[in-house]
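Trainee: Attaching a single structure in structure tokens format; questions to follow.
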Amino acid sequence: MTAPTTLDALRDHISAKLSRAVADRNAAWRTPVCATAGPQARVVVLRGSFESGRRLEIHTDRRSDKVLAMAAHPEIELCFWDPRSGEQLRARGTAVVSTEGEEVERIWAALPVGSRLPYLGISAPGEVLSQPDTGLSSRVTAGESEAGRDVFAVISIFVERWDWLEIGSGGQRRARFRFPEPSEAGAIRADWITP
């Protein structure tokens with residue numbers, strides 16, 4: 001067992017792992033599975049962890065199926081897995097898709113050209129093609145990459161619950177953290193639960 005043994009320390013540990021996943025491309029929790037209503041599941045890249053992991057952020061093409069699914073049913077869950085430590089985290093919450101505003105403009109402006117390439121496709125994600133799409137050249141200039149802004153979207157996940165599980169040769173441990181609504185005062189409810 002590698003994770004802390006108290007709930008307060010475990011909450012800090014989870015928050016630190018989420019922050020590390022944003023900063024380190026090789027972090028195990030960098031690419032969680034995102035599940036939306038339908039059910040639909042896909043791997044995404046964690047782009048932001050704020051308020052000690054209570055708000056998570058991913059980026060997407062606004063024309064994607066997941067945006068349509070979230071518009072109808074904003075409930076979402078991200079499932080993170082770290083095979084080295086044997087830790088799984090399921091973060092469940094409500095998704096809010098933003099395509100306009102100062103925050104979206106700031107995030108877009110900070111993206112390197114290479115991270116803008118996925119948004120330069122003529123077709124929407126999932127559309128049928130007559131031949132494979134080989135992607136765009138990394139020789140796209142910053143000015144040329146601005147064309148992708150029209151389809152760029154930021155998805156903020158307001159986390160309501162973490163469900164953490166550690167699987168090890170010495171057994172399993174599981175904990176659940178429930179967060180109050182952002183508009184409500186109240187303490188985080190943390191419990192050890194049966195794995």
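Going through the structure tokens in order, the chains are called A, B, and so on, while each chain numbers its residues from 1 and the ligands are numbered from 1 in the order shown.
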As an MDAnalysis selection string, please: the residues near segment 150-164 of chain A (cut-off 6 Å, only C-alpha atoms, same-chain neighbours under 4 positions excluded).

Mentor: chainID A and resid 54:62 88:99 174:179

Trainee: Write out as a PyMOL selection string all residues of segment 12-188 of chain A that DSSP puts in strand (DSSP E or B) for this structure's backbone.

Mentor: chain A and resi 33-36+40-43+48-50+55-61+75-82+87-98+152-168+171-178

Trainee: Selected residues, C-alpha atoms, written as a PDB file, in the first residue's frame, please.

Mentor:
ATOM      1  CA  VAL A  33     -11.459   7.501 -19.558  1.00  0.00           C
ATOM      2  CA  CYS A  34     -14.377   9.927 -19.862  1.00  0.00           C
ATOM      3  CA  ALA A  35     -17.863   8.418 -19.644  1.00  0.00           C
ATOM      4  CA  THR A  36     -21.012  10.278 -20.643  1.00  0.00           C
ATOM      5  CA  GLN A  40     -20.229   6.531 -24.276  1.00  0.00           C
ATOM      6  CA  ALA A  41     -16.639   6.244 -23.076  1.00  0.00           C
ATOM      7  CA  ARG A  42     -13.434   7.584 -24.546  1.00  0.00           C
ATOM      8  CA  VAL A  43      -9.917   8.535 -23.445  1.00  0.00           C
ATOM      9  CA  GLY A  48      -6.561  21.395 -15.780  1.00  0.00           C
ATOM     10  CA  SER A  49      -7.083  20.610 -12.106  1.00  0.00           C
ATOM     11  CA  PHE A  50      -8.311  23.468  -9.946  1.00  0.00           C
ATOM     12  CA  ARG A  55     -12.868  21.298 -10.903  1.00  0.00           C
ATOM     13  CA  LEU A  56     -11.226  19.401 -13.750  1.00  0.00           C
ATOM     14  CA  GLU A  57     -10.782  20.568 -17.320  1.00  0.00           C
ATOM     15  CA  ILE A  58     -10.531  18.900 -20.709  1.00  0.00           C
ATOM     16  CA  HIS A  59     -10.529  20.396 -24.213  1.00  0.00           C
ATOM     17  CA  THR A  60     -12.440  19.175 -27.246  1.00  0.00           C
ATOM     18  CA  ASP A  61     -13.872  19.949 -30.651  1.00  0.00           C
ATOM     19  CA  GLU A  75     -23.505  14.082 -15.799  1.00  0.00           C
ATOM     20  CA  ILE A  76     -19.964  12.867 -16.430  1.00  0.00           C
ATOM     21  CA  GLU A  77     -17.384  10.592 -14.877  1.00  0.00           C
ATOM     22  CA  LEU A  78     -13.633  10.459 -15.403  1.00  0.00           C
ATOM     23  CA  CYS A  79     -11.865   7.224 -14.496  1.00  0.00           C
ATOM     24  CA  PHE A  80      -8.139   7.455 -13.778  1.00  0.00           C
ATOM     25  CA  TRP A  81      -5.855   4.415 -13.381  1.00  0.00           C
ATOM     26  CA  ASP A  82      -2.257   4.235 -12.195  1.00  0.00           C
ATOM     27  CA  GLU A  87      -4.777   3.394  -7.688  1.00  0.00           C
ATOM     28  CA  GLN A  88      -8.035   4.093  -9.454  1.00  0.00           C
ATOM     29  CA  LEU A  89      -9.980   7.324  -9.093  1.00  0.00           C
ATOM     30  CA  ARG A  90     -13.469   7.884 -10.411  1.00  0.00           C
ATOM     31  CA  ALA A  91     -14.366  11.570 -10.401  1.00  0.00           C
ATOM     32  CA  ARG A  92     -18.084  12.148 -10.974  1.00  0.00           C
ATOM     33  CA  GLY A  93     -19.651  15.512 -11.577  1.00  0.00           C
ATOM     34  CA  THR A  94     -21.420  17.893 -13.892  1.00  0.00           C
ATOM     35  CA  ALA A  95     -19.913  19.046 -17.181  1.00  0.00           C
ATOM     36  CA  VAL A  96     -20.194  22.594 -18.465  1.00  0.00           C
ATOM     37  CA  VAL A  97     -19.107  23.200 -22.068  1.00  0.00           C
ATOM     38  CA  SER A  98     -17.758  26.678 -22.847  1.00  0.00           C
ATOM     39  CA  PHE A 152     -12.461  24.736 -29.775  1.00  0.00           C
ATOM     40  CA  ALA A 153     -14.351  24.074 -26.556  1.00  0.00           C
ATOM     41  CA  VAL A 154     -13.389  23.850 -22.891  1.00  0.00           C
ATOM     42  CA  ILE A 155     -15.204  21.316 -20.721  1.00  0.00           C
ATOM     43  CA  SER A 156     -15.183  22.082 -17.006  1.00  0.00           C
ATOM     44  CA  ILE A 157     -16.165  19.215 -14.744  1.00  0.00           C
ATOM     45  CA  PHE A 158     -17.497  20.326 -11.379  1.00  0.00           C
ATOM     46  CA  VAL A 159     -16.707  17.293  -9.257  1.00  0.00           C
ATOM     47  CA  GLU A 160     -19.347  16.109  -6.803  1.00  0.00           C
ATOM     48  CA  ARG A 161     -17.669  12.884  -5.751  1.00  0.00           C
ATOM     49  CA  TRP A 162     -14.355  11.055  -5.800  1.00  0.00           C
ATOM     50  CA  ASP A 163     -14.363   7.283  -5.450  1.00  0.00           C
ATOM     51  CA  TRP A 164     -10.792   6.100  -4.818  1.00  0.00           C
ATOM     52  CA  LEU A 165      -9.644   2.478  -4.860  1.00  0.00           C
ATOM     53  CA  GLU A 166      -6.211   1.029  -4.165  1.00  0.00           C
ATOM     54  CA  ILE A 167      -5.513  -2.512  -5.327  1.00  0.00           C
ATOM     55  CA  GLY A 168      -2.392  -4.160  -3.974  1.00  0.00           C
ATOM     56  CA  GLY A 171      -5.395  -6.162  -0.116  1.00  0.00           C
ATOM     57  CA  GLN A 172      -7.635  -3.338  -1.213  1.00  0.00           C
ATOM     58  CA  ARG A 173      -8.693  -0.009   0.289  1.00  0.00           C
ATOM     59  CA  ARG A 174     -11.448   2.274  -0.898  1.00  0.00           C
ATOM     60  CA  ALA A 175     -12.583   5.755   0.092  1.00  0.00           C
ATOM     61  CA  ARG A 176     -15.304   8.114  -1.039  1.00  0.00           C
ATOM     62  CA  PHE A 177     -15.226  11.907  -0.880  1.00  0.00           C
ATOM     63  CA  ARG A 178     -18.426  13.911  -1.400  1.00  0.00           C
TER      64      ARG A 178
END

Trainee: Nearest to Val22 of chain A among A:Val44, A:Pro112, A:His73, A:Arg106, with distances taken over only C-alpha atoms: which residue is it?

Mentor: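 Of A:Val44, A:Pro112, A:His73, A:Arg106, the one nearest Val22 of chain A, counting only C-alpha atoms, is A:Val44.
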
Trainee: What gap, in Å, lies between atom CA of Thr141 of chain A and atom CA of Tyr119 of chain A?

Mentor: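 Separating atom CA of Thr141 of chain A from atom CA of Tyr119 of chain A is a distance of 13.8 Å.
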
Trainee: Quick one: everything within 7 Å of Val45 of chain A, counting only C-alpha atoms, minus sequence neighbours fewer than 3 positions away in the same chain. Send it as an mmCIF file with N, CA and C atoms, in the first residue's frame.

Mentor:
data_model
loop_
_atom_site.group_PDB
_atom_site.id
_atom_site.type_symbol
_atom_site.label_atom_id
_atom_site.label_comp_id
_atom_site.auth_asym_id
_atom_site.auth_seq_id
_atom_site.Cartn_x
_atom_site.Cartn_y
_atom_site.Cartn_z
ATOM 1 N N ARG A 30 -2.843 11.223 -16.525
ATOM 2 C CA ARG A 30 -2.929 12.248 -17.584
ATOM 3 C C ARG A 30 -4.080 11.969 -18.558
ATOM 4 N N THR A 31 -4.353 10.697 -18.840
ATOM 5 C CA THR A 31 -5.346 10.342 -19.862
ATOM 6 C C THR A 31 -6.428 9.436 -19.277
ATOM 7 N N PRO A 32 -7.389 10.023 -18.572
ATOM 8 C CA PRO A 32 -8.475 9.225 -18.012
ATOM 9 C C PRO A 32 -9.482 8.816 -19.078
ATOM 10 N N ILE A 58 -10.992 19.548 -19.485
ATOM 11 C CA ILE A 58 -10.531 18.900 -20.709
ATOM 12 C C ILE A 58 -10.896 19.809 -21.875
#

Trainee: Could you list, as number ranges by chain, every residue within 9 Å of Lys17 of chain A, counting only C-alpha atoms and ignoring same-chain residues fewer than 5 positions away?

Mentor: A: 12, 22, 27-29

Trainee: From the set A:Val104, A:Ala37, A:Ala124, A:Val113, which residue has the shortest atom-to-atom contact distance to Arg63 of chain A, counting only C-alpha atoms?

Mentor: A:Ala124

Trainee: For Glu51 of chain A, which of A:Val128, A:Leu10, A:Ile122, A:Leu18 is the closest residue, counting only C-alpha atoms?

Mentor: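 Among the listed residues, A:Leu18 lies closest to Glu51 of chain A.
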
Trainee: Identify all residues of segment 6-68 of chain A in alpha helix (DSSP H) (DSSP on the backbone) and supply them as a ChimeraX atom specification.

Mentor: /A:7-23,65-68

Trainee: Which one of A:Glu105, A:Glu184, A:Glu146, A:Asp65 sits closest to Pro125 of chain A if you count only C-alpha atoms?

Mentor: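 Between A:Glu105, A:Glu184, A:Glu146, A:Asp65, the residue approaching Pro125 of chain A most closely is A:Asp65.
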